[in-house]
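Novice: Contents of run_1.json (JSON, C-alpha atoms) are given next:
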```json
[["chain", "number", "residue", "atom", "x", "y", "z"],
["E", 18, "MET", "CA", -51.98, -35.68, 55.62],
["E", 19, "ALA", "CA", -51.63, -31.94, 55.24],
["E", 20, "ALA", "CA", -54.46, -30.37, 53.25],
["E", 21, "PRO", "CA", -53.54, -28.13, 50.28],
["E", 22, "PRO", "CA", -53.25, -24.49, 51.33],
["E", 23, "SER", "CA", -56.44, -22.45, 51.11],
["E", 24, "GLY", "CA", -56.80, -19.35, 48.96],
["E", 25, "ALA", "CA", -56.87, -17.29, 52.14],
["E", 26, "SER", "CA", -53.56, -18.83, 53.30],
["E", 27, "LEU", "CA", -51.92, -18.09, 49.96],
["E", 28, "ALA", "CA", -53.16, -14.50, 50.05],
["E", 29, "LEU", "CA", -51.73, -14.16, 53.57],
["E", 30, "LEU", "CA", -48.43, -15.63, 52.37],
["E", 31, "ASP", "CA", -48.27, -13.11, 49.52],
["E", 32, "LYS", "CA", -48.80, -10.28, 51.98],
["E", 33, "LEU", "CA", -46.12, -11.66, 54.33],
["E", 34, "VAL", "CA", -43.60, -11.94, 51.51],
["E", 35, "ALA", "CA", -44.45, -8.40, 50.34],
["E", 36, "ALA", "CA", -43.97, -7.08, 53.90],
["E", 37, "LEU", "CA", -40.61, -8.89, 54.30],
["E", 38, "ASN", "CA", -39.58, -7.48, 50.95],
["E", 39, "ALA", "CA", -40.65, -3.96, 51.85],
["E", 40, "LYS", "CA", -38.64, -4.11, 55.08],
["E", 41, "GLY", "CA", -35.63, -5.42, 53.21],
["E", 42, "LEU", "CA", -35.49, -8.60, 55.31],
["E", 43, "VAL", "CA", -35.91, -11.18, 52.56],
["E", 44, "SER", "CA", -35.83, -10.73, 48.81],
["E", 45, "GLU", "CA", -37.71, -12.74, 46.19],
["E", 46, "ALA", "CA", -34.33, -13.83, 44.87],
["E", 47, "GLU", "CA", -33.36, -15.30, 48.25],
["E", 48, "ILE", "CA", -36.65, -17.18, 48.50],
["E", 49, "THR", "CA", -36.19, -18.54, 44.98],
["E", 50, "GLU", "CA", -32.62, -19.60, 45.77],
["E", 51, "ARG", "CA", -33.71, -21.39, 48.94],
["E", 52, "GLN", "CA", -36.47, -23.20, 47.05],
["E", 53, "ALA", "CA", -33.96, -24.23, 44.40],
["E", 54, "ILE", "CA", -31.63, -25.69, 47.07],
["E", 55, "THR", "CA", -34.48, -27.72, 48.55],
["E", 56, "ASP", "CA", -35.69, -28.75, 45.08],
["E", 57, "ARG", "CA", -32.19, -30.00, 44.24],
["E", 58, "ALA", "CA", -31.95, -31.99, 47.46],
["E", 59, "SER", "CA", -33.40, -35.49, 47.46],
["E", 60, "PRO", "CA", -33.07, -38.63, 49.54],
["E", 61, "GLU", "CA", -30.47, -39.78, 46.99],
["E", 62, "ILE", "CA", -27.94, -37.53, 48.74],
["E", 63, "GLY", "CA", -28.62, -39.20, 52.09],
["E", 64, "ALA", "CA", -28.51, -42.62, 50.45],
["E", 65, "ARG", "CA", -25.11, -41.93, 48.90],
["E", 66, "MET", "CA", -23.81, -40.68, 52.26],
["E", 67, "VAL", "CA", -24.91, -43.90, 53.97],
["E", 68, "ALA", "CA", -23.54, -46.13, 51.21],
["E", 69, "ARG", "CA", -20.18, -44.39, 51.42],
["E", 70, "ALA", "CA", -20.16, -44.64, 55.21],
["E", 71, "TRP", "CA", -20.73, -48.40, 54.84],
["E", 72, "THR", "CA", -17.75, -48.76, 52.48],
["E", 73, "ASP", "CA", -15.28, -46.04, 53.50],
["E", 74, "PRO", "CA", -14.13, -46.00, 57.17],
["E", 75, "ASP", "CA", -12.69, -42.48, 56.90],
["E", 76, "TYR", "CA", -15.97, -41.14, 55.58],
["E", 77, "TYR", "CA", -17.86, -43.02, 58.31],
["E", 78, "ALA", "CA", -15.69, -41.27, 60.91],
["E", 79, "LEU", "CA", -16.33, -37.88, 59.32],
["E", 80, "LEU", "CA", -20.08, -38.54, 59.17],
["E", 81, "MET", "CA", -20.24, -39.38, 62.87],
["E", 82, "ARG", "CA", -18.01, -36.44, 63.82],
["E", 83, "ASP", "CA", -19.40, -33.66, 61.61],
["E", 84, "GLY", "CA", -22.57, -34.42, 59.69],
["E", 85, "LYS", "CA", -22.61, -31.10, 57.84],
["E", 86, "ALA", "CA", -19.09, -31.56, 56.51],
["E", 87, "ALA", "CA", -19.94, -35.12, 55.46],
["E", 88, "ALA", "CA", -23.05, -33.89, 53.63],
["E", 89, "GLU", "CA", -21.08, -31.16, 51.87],
["E", 90, "ALA", "CA", -18.49, -33.72, 50.81],
["E", 91, "MET", "CA", -21.28, -35.51, 48.93],
["E", 92, "GLY", "CA", -22.57, -32.40, 47.20],
["E", 93, "ALA", "CA", -25.30, -31.22, 49.56],
["E", 94, "SER", "CA", -25.63, -27.46, 49.91],
["E", 95, "MET", "CA", -25.42, -26.89, 53.67],
["E", 96, "ALA", "CA", -24.87, -23.11, 53.75],
["E", 97, "GLY", "CA", -27.23, -21.67, 56.31],
["E", 98, "ALA", "CA", -28.58, -25.13, 57.15],
["E", 99, "PRO", "CA", -28.89, -26.28, 60.76],
["E", 100, "GLU", "CA", -26.38, -28.75, 62.21],
["E", 101, "LEU", "CA", -26.74, -32.32, 61.00],
["E", 102, "GLY", "CA", -26.63, -35.11, 63.55],
["E", 103, "VAL", "CA", -26.33, -38.77, 62.57],
["E", 104, "LEU", "CA", -27.99, -41.55, 64.57],
["E", 105, "GLU", "CA", -26.33, -44.91, 64.07],
["E", 106, "ASN", "CA", -28.51, -48.00, 64.26],
["E", 107, "THR", "CA", -26.90, -51.04, 65.86],
["E", 108, "PRO", "CA", -27.98, -54.66, 66.38],
["E", 109, "SER", "CA", -29.39, -53.59, 69.77],
["E", 110, "GLN", "CA", -30.77, -50.11, 69.00],
["E", 111, "HIS", "CA", -33.03, -48.64, 66.31],
["E", 112, "HIS", "CA", -33.61, -44.90, 65.87],
["E", 113, "LEU", "CA", -36.82, -43.25, 64.72],
["E", 114, "VAL", "CA", -36.92, -39.50, 63.99],
["E", 115, "VAL", "CA", -39.95, -37.31, 64.56],
["E", 116, "CYS", "CA", -40.57, -33.63, 65.19],
["E", 117, "THR", "CA", -43.46, -33.42, 67.63],
["E", 118, "LEU", "CA", -43.43, -29.61, 67.77],
["E", 119, "CYS", "CA", -43.56, -28.94, 64.02],
["E", 120, "SER", "CA", -41.89, -30.76, 61.13],
["E", 121, "CYS", "CA", -38.10, -30.30, 61.41],
["E", 122, "TYR", "CA", -36.48, -32.47, 58.76],
["E", 123, "PRO", "CA", -33.02, -32.55, 57.16],
["E", 124, "ARG", "CA", -34.24, -30.82, 54.00],
["E", 125, "ALA", "CA", -30.75, -29.93, 52.82],
["E", 126, "LEU", "CA", -30.07, -33.58, 52.10],
["E", 127, "LEU", "CA", -33.46, -35.30, 51.94],
["E", 128, "GLY", "CA", -35.50, -32.59, 50.22],
["E", 129, "TYR", "CA", -39.05, -31.74, 51.19],
["E", 130, "PRO", "CA", -40.50, -33.85, 54.00],
["E", 131, "PRO", "CA", -43.24, -36.28, 52.97],
["E", 132, "GLY", "CA", -46.80, -35.43, 53.96],
["E", 133, "TRP", "CA", -46.99, -38.20, 56.54],
["E", 134, "TYR", "CA", -43.94, -36.84, 58.38],
["E", 135, "LYS", "CA", -45.81, -33.57, 58.93],
["E", 136, "SER", "CA", -49.10, -35.26, 59.82],
["E", 137, "PHE", "CA", -50.55, -34.93, 63.29],
["E", 138, "ALA", "CA", -50.95, -38.72, 63.41],
["E", 139, "TYR", "CA", -47.26, -39.48, 62.83],
["E", 140, "ARG", "CA", -46.04, -36.69, 65.10],
["E", 141, "SER", "CA", -48.20, -37.77, 68.02],
["E", 142, "ARG", "CA", -47.95, -41.54, 67.57],
["E", 143, "ALA", "CA", -44.25, -41.97, 66.75],
["E", 144, "VAL", "CA", -43.24, -40.62, 70.13],
["E", 145, "ARG", "CA", -45.88, -42.52, 72.09],
["E", 146, "GLU", "CA", -46.25, -45.88, 70.35],
["E", 147, "PRO", "CA", -43.26, -46.24, 68.03],
["E", 148, "ARG", "CA", -43.55, -50.01, 67.85],
["E", 149, "ALA", "CA", -47.12, -49.80, 66.58],
["E", 150, "VAL", "CA", -46.07, -47.19, 64.01],
["E", 151, "LEU", "CA", -43.16, -49.34, 62.81],
["E", 152, "ALA", "CA", -45.42, -52.40, 62.57],
["E", 153, "GLU", "CA", -47.79, -50.46, 60.31],
["E", 154, "TRP", "CA", -44.83, -49.66, 58.06],
["E", 155, "GLY", "CA", -44.07, -53.37, 57.94],
["E", 156, "THR", "CA", -40.83, -52.84, 59.84],
["E", 157, "GLN", "CA", -40.15, -55.85, 62.04],
["E", 158, "LEU", "CA", -37.46, -55.52, 64.68],
["E", 159, "ALA", "CA", -36.13, -58.34, 66.83],
["E", 160, "ASP", "CA", -37.59, -58.36, 70.35],
["E", 161, "ASP", "CA", -34.29, -57.41, 71.97],
["E", 162, "VAL", "CA", -33.81, -54.29, 69.83],
["E", 163, "GLU", "CA", -34.45, -51.12, 71.81],
["E", 164, "ILE", "CA", -36.18, -48.25, 70.06],
["E", 165, "ARG", "CA", -34.83, -44.77, 70.57],
["E", 166, "VAL", "CA", -37.24, -42.11, 69.33],
["E", 167, "VAL", "CA", -35.44, -38.86, 68.54],
["E", 168, "ASP", "CA", -37.68, -35.82, 68.88],
["E", 169, "SER", "CA", -36.15, -33.10, 66.70],
["E", 170, "THR", "CA", -36.91, -29.95, 68.66],
["E", 171, "ALA", "CA", -34.11, -27.45, 68.21],
["E", 172, "ASP", "CA", -31.00, -26.55, 66.22],
["E", 173, "TYR", "CA", -30.07, -29.95, 64.78],
["E", 174, "ARG", "CA", -31.59, -32.01, 62.04],
["E", 175, "TRP", "CA", -31.26, -35.78, 62.40],
["E", 176, "MET", "CA", -30.58, -38.53, 59.91],
["E", 177, "VAL", "CA", -30.54, -42.24, 60.68],
["E", 178, "LEU", "CA", -27.53, -44.31, 59.63],
["E", 179, "PRO", "CA", -29.17, -47.69, 59.03],
["E", 180, "MET", "CA", -27.37, -51.02, 59.38],
["E", 181, "ARG", "CA", -25.98, -52.57, 56.24],
["E", 182, "PRO", "CA", -28.12, -55.62, 55.51],
["E", 183, "LYS", "CA", -26.68, -59.11, 55.14],
["E", 184, "GLY", "CA", -26.34, -60.28, 51.57],
["E", 185, "THR", "CA", -24.71, -57.06, 50.33],
["E", 186, "GLU", "CA", -21.12, -58.19, 50.75],
["E", 187, "GLY", "CA", -18.97, -56.96, 47.88],
["E", 188, "TRP", "CA", -21.58, -54.51, 46.58],
["E", 189, "SER", "CA", -20.41, -51.17, 45.18],
["E", 190, "ALA", "CA", -21.39, -47.96, 46.96],
["E", 191, "GLU", "CA", -23.65, -47.16, 44.01],
["E", 192, "LYS", "CA", -25.52, -50.46, 44.29],
["E", 193, "LEU", "CA", -25.77, -50.07, 48.07],
["E", 194, "ALA", "CA", -27.25, -46.59, 47.66],
["E", 195, "SER", "CA", -30.04, -48.05, 45.54],
["E", 196, "ILE", "CA", -31.52, -49.93, 48.53],
["E", 197, "ILE", "CA", -31.37, -46.99, 50.98],
["E", 198, "THR", "CA", -34.72, -45.23, 50.97],
["E", 199, "ARG", "CA", -35.88, -41.96, 52.43],
["E", 200, "ASP", "CA", -37.96, -43.94, 54.91],
["E", 201, "ALA", "CA", -34.87, -45.80, 56.15],
["E", 202, "LEU", "CA", -33.13, -42.45, 56.70],
["E", 203, "VAL", "CA", -36.04, -41.34, 58.92],
["E", 204, "GLY", "CA", -36.13, -44.74, 60.65],
["E", 205, "VAL", "CA", -39.62, -45.96, 59.76],
["E", 206, "ALA", "CA", -38.07, -48.61, 57.51],
["E", 207, "VAL", "CA", -34.82, -50.56, 57.22],
["E", 208, "PRO", "CA", -32.89, -51.29, 54.00],
["E", 209, "ARG", "CA", -33.77, -54.65, 52.44],
["E", 210, "VAL", "CA", -31.99, -56.68, 49.81],
["N", 2, "MET", "CA", -18.57, -28.23, 65.87],
["N", 3, "SER", "CA", -21.20, -25.63, 66.59],
["N", 4, "ALA", "CA", -19.82, -23.95, 69.69],
["N", 5, "ALA", "CA", -19.20, -20.29, 69.11],
["N", 6, "PRO", "CA", -16.44, -18.38, 70.95],
["N", 7, "ASP", "CA", -19.02, -16.66, 73.16],
["N", 8, "SER", "CA", -20.64, -19.95, 74.15],
["N", 9, "PRO", "CA", -21.09, -20.56, 77.85],
["N", 10, "ALA", "CA", -19.52, -23.75, 79.23],
["N", 11, "PRO", "CA", -21.99, -26.59, 79.70],
["N", 12, "ARG", "CA", -23.32, -26.91, 83.23],
["N", 13, "PHE", "CA", -24.19, -30.59, 82.82],
["N", 14, "ALA", "CA", -21.86, -33.35, 81.71],
["N", 15, "ALA", "CA", -22.77, -36.50, 79.83],
["N", 16, "GLY", "CA", -24.47, -38.90, 82.23],
["N", 17, "ALA", "CA", -25.86, -36.22, 84.57],
["N", 18, "GLN", "CA", -29.31, -36.89, 86.00],
["N", 19, "VAL", "CA", -31.61, -33.97, 85.29],
["N", 20, "ARG", "CA", -35.22, -33.00, 85.71],
["N", 21, "VAL", "CA", -37.07, -30.92, 83.14],
["N", 22, "LYS", "CA", -38.74, -27.89, 84.68],
["N", 23, "ASP", "CA", -42.48, -28.22, 85.13],
["N", 24, "ASP", "CA", -43.30, -24.92, 83.48],
["N", 25, "TRP", "CA", -46.30, -23.93, 81.38],
["N", 26, "PRO", "CA", -47.43, -20.88, 79.42],
["N", 27, "GLU", "CA", -50.66, -20.94, 81.41],
["N", 28, "THR", "CA", -48.71, -19.97, 84.54],
["N", 29, "ARG", "CA", -46.28, -17.51, 82.91],
["N", 30, "GLY", "CA", -48.24, -15.59, 80.34],
["N", 31, "PRO", "CA", -47.42, -15.31, 76.66],
["N", 32, "CYS", "CA", -44.20, -17.13, 75.79],
["N", 33, "HIS", "CA", -42.67, -19.51, 73.31],
["N", 34, "ILE", "CA", -41.65, -22.84, 74.81],
["N", 35, "ARG", "CA", -39.37, -25.16, 72.88],
["N", 36, "THR", "CA", -39.61, -28.06, 75.34],
["N", 37, "PRO", "CA", -42.20, -30.72, 74.50],
["N", 38, "TYR", "CA", -44.93, -30.87, 77.12],
["N", 39, "TYR", "CA", -44.64, -34.62, 77.60],
["N", 40, "VAL", "CA", -41.18, -34.35, 79.22],
["N", 41, "ARG", "CA", -41.93, -31.44, 81.55],
["N", 42, "GLY", "CA", -41.33, -32.48, 85.14],
["N", 43, "ARG", "CA", -39.69, -35.73, 83.95],
["N", 44, "LEU", "CA", -36.37, -37.23, 85.01],
["N", 45, "GLY", "CA", -33.83, -37.77, 82.27],
["N", 46, "ARG", "CA", -30.14, -38.29, 81.67],
["N", 47, "VAL", "CA", -27.84, -36.04, 79.68],
["N", 48, "VAL", "CA", -26.45, -37.89, 76.66],
["N", 49, "ARG", "CA", -24.14, -35.07, 75.59],
["N", 50, "PRO", "CA", -23.97, -31.30, 75.23],
["N", 51, "LEU", "CA", -24.74, -30.29, 71.62],
["N", 52, "GLY", "CA", -23.26, -26.78, 71.59],
["N", 53, "ALA", "CA", -24.79, -23.38, 72.30],
["N", 54, "PHE", "CA", -27.47, -21.76, 70.16],
["N", 55, "PRO", "CA", -29.53, -18.56, 70.32],
["N", 56, "ASN", "CA", -32.43, -19.05, 72.71],
["N", 57, "PRO", "CA", -35.49, -19.75, 70.50],
["N", 58, "GLU", "CA", -37.74, -18.42, 73.25],
["N", 59, "ASP", "CA", -36.24, -14.96, 72.62],
["N", 60, "LEU", "CA", -35.97, -15.37, 68.85],
["N", 61, "ALA", "CA", -39.71, -16.03, 68.75],
["N", 62, "PHE", "CA", -40.34, -12.49, 69.99],
["N", 63, "ALA", "CA", -37.52, -10.88, 67.97],
["N", 64, "ARG", "CA", -35.66, -10.10, 71.20],
["N", 65, "PRO", "CA", -31.87, -10.28, 71.51],
["N", 66, "ALA", "CA", -31.23, -13.99, 71.93],
["N", 67, "PRO", "CA", -28.26, -15.01, 74.10],
["N", 68, "ARG", "CA", -26.74, -18.37, 73.31],
["N", 69, "ARG", "CA", -27.85, -21.17, 75.56],
["N", 70, "GLN", "CA", -26.31, -24.59, 75.90],
["N", 71, "LEU", "CA", -28.33, -27.31, 74.19],
["N", 72, "TYR", "CA", -28.28, -30.95, 75.33],
["N", 73, "HIS", "CA", -29.48, -34.28, 74.12],
["N", 74, "VAL", "CA", -31.45, -35.67, 77.04],
["N", 75, "LEU", "CA", -32.64, -39.28, 77.22],
["N", 76, "PHE", "CA", -35.88, -40.39, 78.87],
["N", 77, "GLU", "CA", -37.23, -43.85, 79.54],
["N", 78, "GLN", "CA", -40.33, -44.11, 77.43],
["N", 79, "PRO", "CA", -42.78, -46.25, 79.49],
["N", 80, "PRO", "CA", -43.01, -43.90, 82.52],
["N", 81, "ILE", "CA", -43.99, -41.00, 80.28],
["N", 82, "TRP", "CA", -46.97, -42.71, 78.71],
["N", 83, "ASN", "CA", -47.72, -45.52, 81.16],
["N", 84, "GLU", "CA", -47.32, -47.90, 78.24],
["N", 85, "GLY", "CA", -44.64, -49.17, 75.94],
["N", 86, "LYS", "CA", -41.70, -51.53, 76.19],
["N", 87, "ALA", "CA", -39.06, -51.37, 78.93],
["N", 88, "GLY", "CA", -35.77, -50.23, 77.44],
["N", 89, "ASP", "CA", -37.34, -48.03, 74.78],
["N", 90, "THR", "CA", -36.32, -44.41, 75.09],
["N", 91, "VAL", "CA", -36.98, -40.96, 73.70],
["N", 92, "MET", "CA", -34.14, -38.50, 73.16],
["N", 93, "VAL", "CA", -34.94, -34.78, 73.04],
["N", 94, "GLU", "CA", -32.94, -31.60, 72.44],
["N", 95, "ILE", "CA", -33.45, -29.41, 75.52],
["N", 96, "PHE", "CA", -31.89, -26.05, 76.41],
["N", 97, "GLU", "CA", -29.99, -25.72, 79.68],
["N", 98, "HIS", "CA", -32.38, -23.26, 81.30],
["N", 99, "TRP", "CA", -35.05, -25.96, 81.18],
["N", 100, "LEU", "CA", -32.98, -28.45, 83.17],
["N", 101, "GLU", "CA", -32.45, -28.82, 86.91],
["N", 102, "GLU", "CA", -30.10, -31.11, 88.81],
["N", 103, "ALA", "CA", -31.91, -34.21, 90.00]]
```
Starting from the file, lay out its structure as structure tokens.

Specialist:
Amino acid sequence: MAAPPSGASLALLDKLVAALNAKGLVSEAEITERQAITDRASPEIGARMVARAWTDPDYYALLMRDGKAAAEAMGASMAGAPELGVLENTPSQHHLVVCTLCSCYPRALLGYPPGWYKSFAYRSRAVREPRAVLAEWGTQLADDVEIRVVDSTADYRWMVLPMRPKGTEGWSAEKLASIITRDALVGVAVPRV
Amino acid sequence: MSAAPDSPAPRFAAGAQVRVKDDWPETRGPCHIRTPYYVRGRLGRVVRPLGAFPNPEDLAFARPAPRRQLYHVLFEQPPIWNEGKAGDTVMVEIFEHWLEEA
């Protein structure tokens, strides 16, 4: 887990912000606005996107074609955000997202990344021994399901579209959204009834 | 969806076999490399072009950053780590100038 920032780090951050301000590159107001956008975002947005994709074929098509537009259609603020790619799980393939280089994460629709996502342990192990990582999360996949680890290294952010579990036939999108967790959108878990 | 008008056409099509350049900062001097070390020198297959984006290796030094084509490239996982399950894969975003025909 990431340690809390030290006093020295915070002092350095203050100086950086002051320098950016002085050069007219970033204003305090812009930083505050960006924080507010991330604060407003939460995995609920991703969950509602998935639930709608499960129940609305047109929305599913939009989500697979243009993730940013699909996120905006559900109220996410995507201005200035990187592209959003969607990784669809199937009966034969499960996706797991990691950023081995840093901690790229679809903040615009999932909010701040959890500490474990940024941890050295997750970043190094997910890409090397994904099955062991999933087992520790209690995520059991059938033997014939291939795992595709997606290392988020550049200009996209990636969200998993999990499979709709059996036993949810006839559920409303709202009820479906209630079983879709942040962890399922990263791929360390799958939705359960 | 992300291709800008000034974007270069992709050199590699979906399905193309590629090799990631075996290139390291230790042999080049100071640089920013956006390609994970574990796929350098590895054979992969282009899944699809993802559009063109400013080269992060220039952005890192505040240089003018021409757009470079970005690809999703798929690698078999077991050969990379000498462990793991056959059929498992890792998919990585890699810029065109890091890829060679293979």

Novice: Restricting the calculation to all atoms listed in the file, which member of E:Ser120, E:Gln110, E:Ser136, E:Ser189 is positioned closest to chain N?

Specialist: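 The closest residue to chain N is E:Gln110.
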
Novice: List the spatial neighbours of Val40 in chain N as a PyMOL selection string - criterion: any atom at most 9 Å away, all atoms listed in the file, same-chain residues fewer than 2 positions off excluded.

Specialist: chain N and resi 20-23+36-38+42-45+76+81+93

Novice: Identify which of the residues E:Ala68, E:Ala25, E:Ile48, E:Val162 lies closest to Glu191 in chain E, counting all atoms listed in the file when measuring atom-to-atom distances.

Specialist: E:Ala68

Novice: For chain N, work out the contacting residues on chain E at 10 Å, counting all atoms listed in the file, and write them as a PyMOL selection string.

Specialist: chain E and resi 82-86+99-100+102+110-114+116-118+144-149+160-173

Novice: Between E:Gly204, E:Pro22, E:Pro130, E:Pro182, which is the closest to Pro108 in chain E once you count all atoms listed in the file?

Specialist: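 Comparing E:Gly204, E:Pro22, E:Pro130, E:Pro182 against Pro108 in chain E, the winner is E:Pro182.
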
Novice: Which residues of range 27-134 of chain E come within 9 Å of range 192-201 of chain E, and what is each one's closest atom pair and distance in Å (one decimal), counting only C-alpha atoms, sorted by chain and residue number, as a Markdown table?

Specialist:
```
| residue | atom | partner | partner_atom | distance |
| --- | --- | --- | --- | --- |
| E:Ser59 | CA | E:Arg199 | CA | 8.5 |
| E:Pro60 | CA | E:Arg199 | CA | 5.2 |
| E:Glu61 | CA | E:Ala194 | CA | 7.6 |
| E:Gly63 | CA | E:Arg199 | CA | 7.8 |
| E:Ala64 | CA | E:Ala194 | CA | 5.0 |
| E:Arg65 | CA | E:Ala194 | CA | 5.3 |
| E:Met66 | CA | E:Ala194 | CA | 8.2 |
| E:Val67 | CA | E:Ala194 | CA | 7.2 |
| E:Ala68 | CA | E:Ala194 | CA | 5.2 |
| E:Arg69 | CA | E:Ala194 | CA | 8.3 |
| E:Trp71 | CA | E:Leu193 | CA | 8.6 |
| E:Leu127 | CA | E:Arg199 | CA | 7.1 |
```

Novice: Any idea what the distance is between CA of Leu126 in chain E and CA of Gly92 in chain E?

Specialist: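 Between these atoms lies a distance of 9.0 Å.
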
Novice: CA of Gln70 in chain N to CA of Arg49 in chain N: how many Å, to one decimal?

Specialist: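 CA of Gln70 in chain N sits 10.7 Å away from CA of Arg49 in chain N.
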
Novice: Can you tell me, as a PDB file with C-alpha atoms, in the frame of the given file, which residues sit within 12 Å of (-23.7, -31.3, 85.7) in the file's frame, using all atoms listed in the file?

Specialist:
```
ATOM      1  CA  ALA N  10     -19.520 -23.750  79.230  1.00  0.00           C
ATOM      2  CA  PRO N  11     -21.990 -26.590  79.700  1.00  0.00           C
ATOM      3  CA  ARG N  12     -23.320 -26.910  83.230  1.00  0.00           C
ATOM      4  CA  PHE N  13     -24.190 -30.590  82.820  1.00  0.00           C
ATOM      5  CA  ALA N  14     -21.860 -33.350  81.710  1.00  0.00           C
ATOM      6  CA  ALA N  15     -22.770 -36.500  79.830  1.00  0.00           C
ATOM      7  CA  GLY N  16     -24.470 -38.900  82.230  1.00  0.00           C
ATOM      8  CA  ALA N  17     -25.860 -36.220  84.570  1.00  0.00           C
ATOM      9  CA  GLN N  18     -29.310 -36.890  86.000  1.00  0.00           C
ATOM     10  CA  VAL N  19     -31.610 -33.970  85.290  1.00  0.00           C
ATOM     11  CA  ARG N  20     -35.220 -33.000  85.710  1.00  0.00           C
ATOM     12  CA  ARG N  46     -30.140 -38.290  81.670  1.00  0.00           C
ATOM     13  CA  VAL N  47     -27.840 -36.040  79.680  1.00  0.00           C
ATOM     14  CA  VAL N  48     -26.450 -37.890  76.660  1.00  0.00           C
ATOM     15  CA  ARG N  49     -24.140 -35.070  75.590  1.00  0.00           C
ATOM     16  CA  PRO N  50     -23.970 -31.300  75.230  1.00  0.00           C
ATOM     17  CA  TYR N  72     -28.280 -30.950  75.330  1.00  0.00           C
ATOM     18  CA  GLU N  97     -29.990 -25.720  79.680  1.00  0.00           C
ATOM     19  CA  LEU N 100     -32.980 -28.450  83.170  1.00  0.00           C
ATOM     20  CA  GLU N 101     -32.450 -28.820  86.910  1.00  0.00           C
ATOM     21  CA  GLU N 102     -30.100 -31.110  88.810  1.00  0.00           C
ATOM     22  CA  ALA N 103     -31.910 -34.210  90.000  1.00  0.00           C
TER      23      ALA N 103
END
```

Novice: Set the distance at 8 Å and use only C-alpha atoms: which residues neighbour Pro123 in chain E once local chain neighbours fewer than 5 positions away are removed? I'd like the list as a PyMOL selection string.

Specialist: chain E and resi 101+128+174-176

Novice: For a test of reading the model, state the distance in Å between CA of Gly184 in chain E and CA of Thr72 in chain E, rounded to one decimal.

Specialist: 14.4 Å
